[in-house]
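Here is protein23.txt, consisting of compact mmCIF, C-alpha atoms:
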# COMPACT_ATOMS: atom_id res chain seq x y z
CA MET A 1 0.49 -65.19 24.15
CA VAL A 2 1.21 -63.90 20.71
CA LEU A 3 1.61 -60.18 20.44
CA PRO A 4 0.13 -58.53 17.36
CA GLN A 5 2.73 -57.66 14.79
CA ARG A 6 3.36 -53.98 14.16
CA THR A 7 3.23 -52.99 10.55
CA VAL A 8 6.21 -50.95 9.56
CA LYS A 9 5.10 -47.80 7.73
CA LEU A 10 7.41 -46.51 5.10
CA VAL A 11 8.15 -42.83 5.28
CA ASP A 12 6.34 -41.08 2.51
CA ALA A 13 8.80 -39.68 -0.01
CA ASP A 14 6.98 -36.40 -0.38
CA GLY A 15 6.75 -35.93 3.37
CA ASP A 16 10.44 -36.76 3.77
CA GLN A 17 11.34 -34.31 1.03
CA SER A 18 9.16 -31.67 2.62
CA PHE A 19 10.99 -32.15 5.91
CA VAL A 20 14.35 -31.79 4.16
CA HIS A 21 13.15 -28.63 2.46
CA LYS A 22 12.02 -27.18 5.76
CA LEU A 23 15.31 -28.12 7.38
CA GLN A 24 17.30 -26.50 4.58
CA LEU A 25 15.19 -23.36 4.80
CA SER A 26 15.63 -23.10 8.55
CA ILE A 27 19.40 -23.36 8.15
CA SER A 28 19.94 -21.28 5.03
CA LYS A 29 17.58 -18.39 5.72
CA GLY A 30 19.63 -15.23 6.04
CA LEU A 31 22.98 -16.92 5.34
CA PRO A 32 24.49 -15.61 2.10
CA HIS A 33 26.51 -18.74 1.21
CA ALA A 34 24.17 -21.51 2.36
CA THR A 35 22.93 -24.02 -0.22
CA PRO A 36 19.39 -23.04 -1.30
CA VAL A 37 16.55 -25.37 -2.22
CA PRO A 38 16.54 -26.04 -6.00
CA ALA A 39 12.74 -25.97 -6.20
CA LEU A 40 12.74 -22.35 -4.98
CA ARG A 41 15.01 -21.10 -7.72
CA THR A 42 13.56 -18.58 -10.15
CA GLU A 43 14.77 -16.24 -12.86
CA GLU A 44 15.34 -12.55 -12.22
CA HIS A 45 12.86 -11.43 -14.86
CA GLU A 46 10.17 -13.47 -13.09
CA LEU A 47 10.84 -11.58 -9.87
CA VAL A 48 10.72 -8.30 -11.78
CA LYS A 49 7.26 -9.30 -13.06
CA SER A 50 6.24 -10.14 -9.50
CA VAL A 51 7.41 -6.74 -8.28
CA PHE A 52 5.23 -5.01 -10.86
CA GLN A 53 2.29 -7.18 -9.85
CA ILE A 54 2.46 -6.34 -6.15
CA LEU A 55 2.90 -2.65 -6.91
CA GLN A 56 -0.43 -2.92 -8.72
CA GLY A 57 -2.05 -4.62 -5.73
CA PHE A 58 -1.85 -8.27 -6.77
CA GLU A 59 -0.01 -11.36 -5.50
CA THR A 60 2.26 -13.91 -7.18
CA SER A 61 3.73 -17.27 -6.27
CA TRP A 62 6.97 -15.53 -5.22
CA LEU A 63 5.67 -12.35 -3.58
CA TYR A 64 2.47 -12.45 -1.53
CA TRP A 65 0.35 -10.49 0.94
CA ASP A 66 0.74 -11.69 4.52
CA ASN A 67 -2.27 -10.75 6.66
CA THR A 68 -0.39 -11.47 9.87
CA VAL A 69 2.13 -8.65 9.30
CA PRO A 70 0.20 -7.14 7.43
CA GLY A 71 2.39 -6.55 4.40
CA TYR A 72 3.93 -8.02 1.28
CA ARG A 73 6.64 -10.65 1.72
CA GLU A 74 8.79 -12.82 -0.49
CA LYS A 75 8.33 -16.58 -0.40
CA SER A 76 10.74 -18.01 2.13
CA GLY A 77 13.88 -19.34 0.46
CA VAL A 78 13.25 -17.95 -3.03
CA TYR A 79 16.50 -17.15 -4.83
CA VAL A 80 18.14 -16.40 -8.15
CA ALA A 81 21.43 -17.94 -9.24
CA HIS A 82 23.65 -14.84 -9.13
CA LEU A 83 22.36 -13.28 -5.88
CA SER A 84 22.65 -14.42 -2.28
CA LEU A 85 19.51 -14.65 -0.18
CA THR A 86 20.61 -11.64 1.82
CA GLY A 87 21.40 -9.64 -1.30
CA LEU A 88 18.10 -10.53 -2.92
CA GLY A 89 16.22 -9.57 0.22
CA SER A 90 17.95 -6.18 0.28
CA VAL A 91 17.01 -5.50 -3.34
CA LEU A 92 13.39 -6.57 -2.85
CA CYS A 93 12.91 -4.70 0.43
CA PRO A 94 12.06 -1.22 -0.99
CA PHE A 95 9.60 -2.71 -3.48
CA LEU A 96 7.87 -4.77 -0.80
CA PHE A 97 7.65 -1.69 1.39
CA ALA A 98 6.23 0.48 -1.41
CA ALA A 99 3.68 -2.18 -2.37
CA THR A 100 2.67 -2.52 1.28
CA CYS A 101 2.18 1.25 1.54
CA LEU A 102 -0.08 1.24 -1.51
CA LYS A 103 -2.04 -1.73 -0.20
CA HIS A 104 -2.62 0.00 3.13
CA VAL A 105 -3.94 3.02 1.24
CA GLU A 106 -6.25 0.74 -0.74
CA ILE A 107 -7.53 -0.83 2.49
CA PHE A 108 -8.12 2.63 3.98
CA VAL A 109 -10.18 3.74 0.98
CA GLY A 110 -12.22 0.54 1.19
CA LYS A 111 -12.96 1.11 4.88
CA VAL A 112 -14.11 4.67 4.24
CA ARG A 113 -16.43 3.58 1.45
CA THR A 114 -18.05 0.94 3.64
CA CYS A 115 -18.35 3.25 6.66
CA HIS A 116 -21.98 3.80 7.68
CA HIS A 117 -21.30 7.29 9.08
CA ARG A 118 -21.45 9.53 6.02
CA ILE A 119 -19.00 12.46 6.09
CA PRO A 120 -18.69 14.30 2.74
CA THR A 121 -15.20 15.68 3.44
CA LEU A 122 -13.95 12.22 4.39
CA ASP A 123 -15.52 10.78 1.24
CA ALA A 124 -13.88 13.49 -0.87
CA PHE A 125 -10.53 12.87 0.83
CA ALA A 126 -10.77 9.12 0.19
CA SER A 127 -11.73 9.75 -3.43
CA SER A 128 -8.74 12.05 -3.95
CA VAL A 129 -6.42 9.54 -2.30
CA ASP A 130 -7.84 6.75 -4.44
CA SER A 131 -7.23 8.79 -7.59
CA TRP A 132 -3.59 9.29 -6.62
CA LEU A 133 -3.27 5.61 -5.76
CA THR A 134 -4.57 4.73 -9.21
CA ARG A 135 -2.11 7.17 -10.74
CA LEU A 136 0.86 5.52 -9.00
CA ARG A 137 -0.26 2.04 -9.99
CA GLU A 138 -0.71 3.16 -13.58
CA VAL A 139 2.91 4.31 -13.51
CA ALA A 140 3.91 0.78 -12.51
CA LEU A 141 1.76 -0.71 -15.27
CA LYS A 142 3.21 1.63 -17.90
CA GLU A 143 6.77 0.89 -16.79
CA GLU A 144 6.06 -2.84 -16.94
CA GLU A 145 4.72 -2.58 -20.48
CA GLN A 146 7.71 -0.53 -21.63
CA LEU A 147 10.23 -2.82 -19.97
CA PHE A 148 8.89 -6.10 -21.32
CA THR A 149 8.21 -4.81 -24.84
CA SER A 150 11.63 -3.18 -25.23
CA ILE A 151 14.32 -5.20 -26.95
CA SER A 152 17.28 -3.08 -25.88
CA ARG A 153 16.56 -2.86 -22.12
CA THR A 154 17.98 -5.45 -19.74
CA ILE A 155 15.50 -6.72 -17.16
CA THR A 156 17.14 -6.63 -13.73
CA LEU A 157 16.02 -5.82 -10.20
CA LEU A 158 18.82 -3.29 -9.79
CA GLY A 159 17.73 -1.51 -12.95
CA LEU A 160 14.20 -1.46 -11.62
CA THR A 161 15.43 0.17 -8.42
CA ASP A 162 16.54 3.22 -10.39
CA SER A 163 13.50 3.52 -12.65
CA MET A 164 10.94 2.98 -9.87
CA SER A 165 12.53 5.10 -7.13
CA SER A 166 10.06 7.95 -7.68
CA LEU A 167 7.08 5.61 -7.43
CA CYS A 168 8.41 4.02 -4.24
CA SER A 169 8.89 7.46 -2.71
CA GLY A 170 5.40 8.51 -3.76
CA ALA A 171 3.90 5.37 -2.23
CA GLU A 172 5.52 6.13 1.12
CA HIS A 173 4.36 9.76 1.09
CA LEU A 174 0.80 8.77 0.21
CA SER A 175 0.74 6.23 3.03
CA GLN A 176 1.97 8.86 5.49
CA VAL A 177 -0.80 11.26 4.42
CA VAL A 178 -3.46 8.60 4.96
CA HIS A 179 -1.99 7.37 8.24
CA GLY A 180 -2.43 10.66 10.08
CA ALA A 181 -5.55 11.92 8.32
CA LEU A 182 -8.13 10.79 10.89
CA PRO A 183 -8.37 10.98 14.68
CA HIS A 184 -6.94 7.87 16.32
CA SER A 185 -10.29 6.91 17.81
CA PHE A 186 -12.32 7.41 14.64
CA TRP A 187 -12.73 3.77 13.64
CA ASP A 188 -13.78 2.87 17.18
CA SER A 189 -16.12 5.79 17.86
CA GLY A 190 -16.49 7.43 14.45
CA ALA A 191 -20.26 7.05 14.47
CA HIS A 192 -20.40 9.30 17.55
CA MET A 193 -18.08 12.01 16.18
CA ALA A 194 -19.59 15.10 14.61
CA SER A 195 -19.06 15.42 10.86
CA SER A 196 -17.70 18.93 11.34
CA GLU A 197 -15.11 17.65 13.83
CA VAL A 198 -13.83 14.98 11.45
CA ALA A 199 -13.83 17.36 8.48
CA VAL A 200 -11.85 20.02 10.35
CA TYR A 201 -9.35 17.43 11.55
CA ILE A 202 -8.73 16.12 8.02
CA LEU A 203 -8.27 19.58 6.51
CA ASN A 204 -6.02 20.73 9.36
CA GLN A 205 -3.77 17.70 8.97
CA LEU A 206 -3.49 18.21 5.23
CA PHE A 207 -2.75 21.91 5.64
CA LYS A 208 -0.01 21.18 8.19
CA LYS A 209 1.61 18.66 5.87
CA LEU A 210 1.42 21.13 3.00
CA ASN A 211 3.30 23.69 5.05
CA GLU A 212 5.91 21.14 6.12
CA VAL A 213 6.57 19.95 2.57
CA CYS A 214 6.56 23.51 1.24
CA LEU A 215 9.29 24.50 3.69
CA VAL A 216 11.45 21.54 2.65
CA GLU A 217 10.86 21.56 -1.10
CA ASP A 218 9.87 25.21 -1.63
CA GLY A 219 6.58 24.23 -3.26
CA GLU A 220 8.24 21.99 -5.82
CA GLY A 221 8.35 18.25 -6.26
CA GLU A 222 5.93 15.36 -6.40
CA PRO A 223 5.03 15.20 -2.66
CA TYR A 224 3.86 18.82 -2.67
CA HIS A 225 1.88 18.32 -5.85
CA MET A 226 0.25 15.20 -4.39
CA LEU A 227 -0.73 16.99 -1.17
CA LEU A 228 -2.08 19.99 -3.07
CA VAL A 229 -4.29 17.78 -5.25
CA ILE A 230 -5.61 15.83 -2.26
CA PHE A 231 -6.17 18.99 -0.21
CA THR A 232 -8.13 20.78 -2.93
CA GLY A 233 -10.14 17.62 -3.62
CA SER A 234 -11.00 17.31 0.07
CA LEU A 235 -12.21 20.94 0.12
CA LEU A 236 -14.83 20.27 -2.54
CA PRO A 237 -17.79 19.67 -0.14
CA TYR A 238 -17.00 22.93 1.67
CA LEU A 239 -16.77 24.86 -1.59
CA GLN A 240 -20.03 23.39 -2.89
CA CYS A 241 -21.81 24.34 0.33
CA LEU A 242 -20.44 27.89 0.26
CA ASP A 243 -21.27 28.27 -3.42
CA SER A 244 -24.87 27.21 -2.79
CA TRP A 245 -25.21 29.68 0.08
CA LEU A 246 -23.47 32.70 -1.49
CA TYR A 247 -24.88 32.46 -5.02
CA ASP A 248 -28.23 30.70 -4.57
CA GLY A 249 -29.12 31.65 -1.00
CA ILE A 250 -29.59 27.98 -0.11
CA LEU A 251 -28.08 26.56 3.06
CA ASP A 252 -27.38 23.07 1.76
CA ASP A 253 -25.47 21.32 4.54
CA PRO A 254 -27.39 18.13 5.44
CA TYR A 255 -24.42 16.58 7.28
CA GLU A 256 -23.69 19.77 9.27
CA GLU A 257 -20.06 20.01 8.25
CA VAL A 258 -19.91 23.75 7.52
CA TYR A 259 -22.74 25.03 9.74
CA PRO A 260 -23.05 22.50 12.56
CA LYS A 261 -25.04 24.83 14.85
CA CYS A 262 -27.28 26.54 12.32
CA TYR A 263 -30.06 24.00 12.36
CA ALA A 264 -30.30 24.26 16.14
CA TYR A 265 -31.45 27.89 15.84
CA THR A 266 -33.99 27.42 13.05
Please express the file's structure as structure tokens.
Amino acid sequence: MVLPQRTVKLVDADGDQSFVHKLQLSISKGLPHATPVPALRTEEHELVKSVFQILQGFETSWLYWDNTVPGYREKSGVYVAHLSLTGLGSVLCPFLFAATCLKHVEIFVGKVRTCHHRIPTLDAFASSVDSWLTRLREVALKEEEQLFTSISRTITLLGLTDSMSSLCSGAEHLSQVVHGALPHSFWDSGAHMASSEVAVYILNQLFKKLNEVCLVEDGEGEPYHMLLVIFTGSLLPYLQCLDSWLYDGILDDPYEEVYPKCYAYT
């Protein structure tokens, strides 16, 4: 009996190289003096460009949005010649966090705008938040243009840390405002919540944060200014309703935010 001969399959070069890359990454990740993978080397100015891109809500080949976190992350194993992996990760961390905060705000605004339960105060709040989000991202765009058109400025991640510290702080504050703005159960049972209940909750939360920031910063600084703009913008539906009633004698409150019980007695 002659057994069939087994054909010997050569290991594919690309597959073998991929395995080596994965092995190197598993060993070197987090170790400051481990030998990195040459294919993952990049220049510092390329990472600076990537930082600006994620702060504006985009992705790059080096920094990307990970839906499983969810948040921005750097590509595993990416490095520059003069920084260790640990050092590079420490420098990138605040930018990744700020970009993640801004992205979460963007996602929140998108959810509000696609919500079927119309609440004017919530819409006004989301619009004010979106305006401030756009303002912060425009700061990143302007800084990027100035940095890459200037001949005298050196493009480094450490230099970017100083110039973008205010934006990173603003991104965190904006995310905190959005995070606590709605009742925890709103997205699950928002359609069953009264518009007046949601509106009062939003305005109360904003007013509390205004008082907290005012006590710390004495009414000065960017966080207080941001909260004041968002608070006044969120009050617009209330003010329009009151203006219509006081000056025109018209009770224009179709979503029953200001006068939730009035229509029950008419």
Task: Among listed residues A:Leu55, A:Ser127, A:Ile202, A:Ala171, nearest Val112 (chain A) (using all atoms listed in the file) - done: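 Going through A:Leu55, A:Ser127, A:Ile202, A:Ala171 one by one, the smallest distance to Val112 (chain A) is for A:Ser127.
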Open item on the list: Considering all atoms listed in the file, can you say which of A:Glu106, A:Glu197, A:Asp130, A:Glu44 comes closest to Phe58 (chain A)?
Closed with: A:Glu106
If we count only C-alpha atoms, what is near His82 (chain A) at a cut-off of 12 Å, once residues fewer than 4 positions away on the same chain are taken out, given as an mmCIF file with C-alpha atoms, in the frame of the given file?
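Heads up, here's the output in out.cif:
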data_model
loop_
_atom_site.group_PDB
_atom_site.id
_atom_site.type_symbol
_atom_site.label_atom_id
_atom_site.label_comp_id
_atom_site.auth_asym_id
_atom_site.auth_seq_id
_atom_site.Cartn_x
_atom_site.Cartn_y
_atom_site.Cartn_z
ATOM 1 C CA PRO A 32 24.490 -15.610 2.100
ATOM 2 C CA HIS A 33 26.510 -18.740 1.210
ATOM 3 C CA ARG A 41 15.010 -21.100 -7.720
ATOM 4 C CA THR A 42 13.560 -18.580 -10.150
ATOM 5 C CA GLU A 43 14.770 -16.240 -12.860
ATOM 6 C CA GLU A 44 15.340 -12.550 -12.220
ATOM 7 C CA THR A 86 20.610 -11.640 1.820
ATOM 8 C CA GLY A 87 21.400 -9.640 -1.300
ATOM 9 C CA LEU A 88 18.100 -10.530 -2.920
ATOM 10 C CA THR A 156 17.140 -6.630 -13.730
ATOM 11 C CA LEU A 157 16.020 -5.820 -10.200
#
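Between CA of Ala199 (chain A) and CA of Ile119 (chain A) the interatomic distance comes to 7.5 Å.
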TODO: Select, from A:Tyr238, A:Tyr79, A:Phe97, A:Tyr64, the residue with the minimum atom-to-atom distance to Tyr259 (chain A), counting only C-alpha atoms.
DONE: A:Tyr238
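In this structure, CA of Ala140 (chain A) sits 15.3 Å away from CA of Leu174 (chain A).
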- [ ] Give me, please, the distance in Å between CA of Tyr224 (chain A) and CA of His184 (chain A), quoted to one decimal.
- [x]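 Answer for the CA of Tyr224 (chain A) to CA of His184 (chain A) separation: 24.4 Å.
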TODO: Between A:Ser195, A:Ser90, A:Ser76, A:Gln176, single out the one closest to Leu63 (chain A), counting all atoms listed in the file.
DONE: A:Ser76
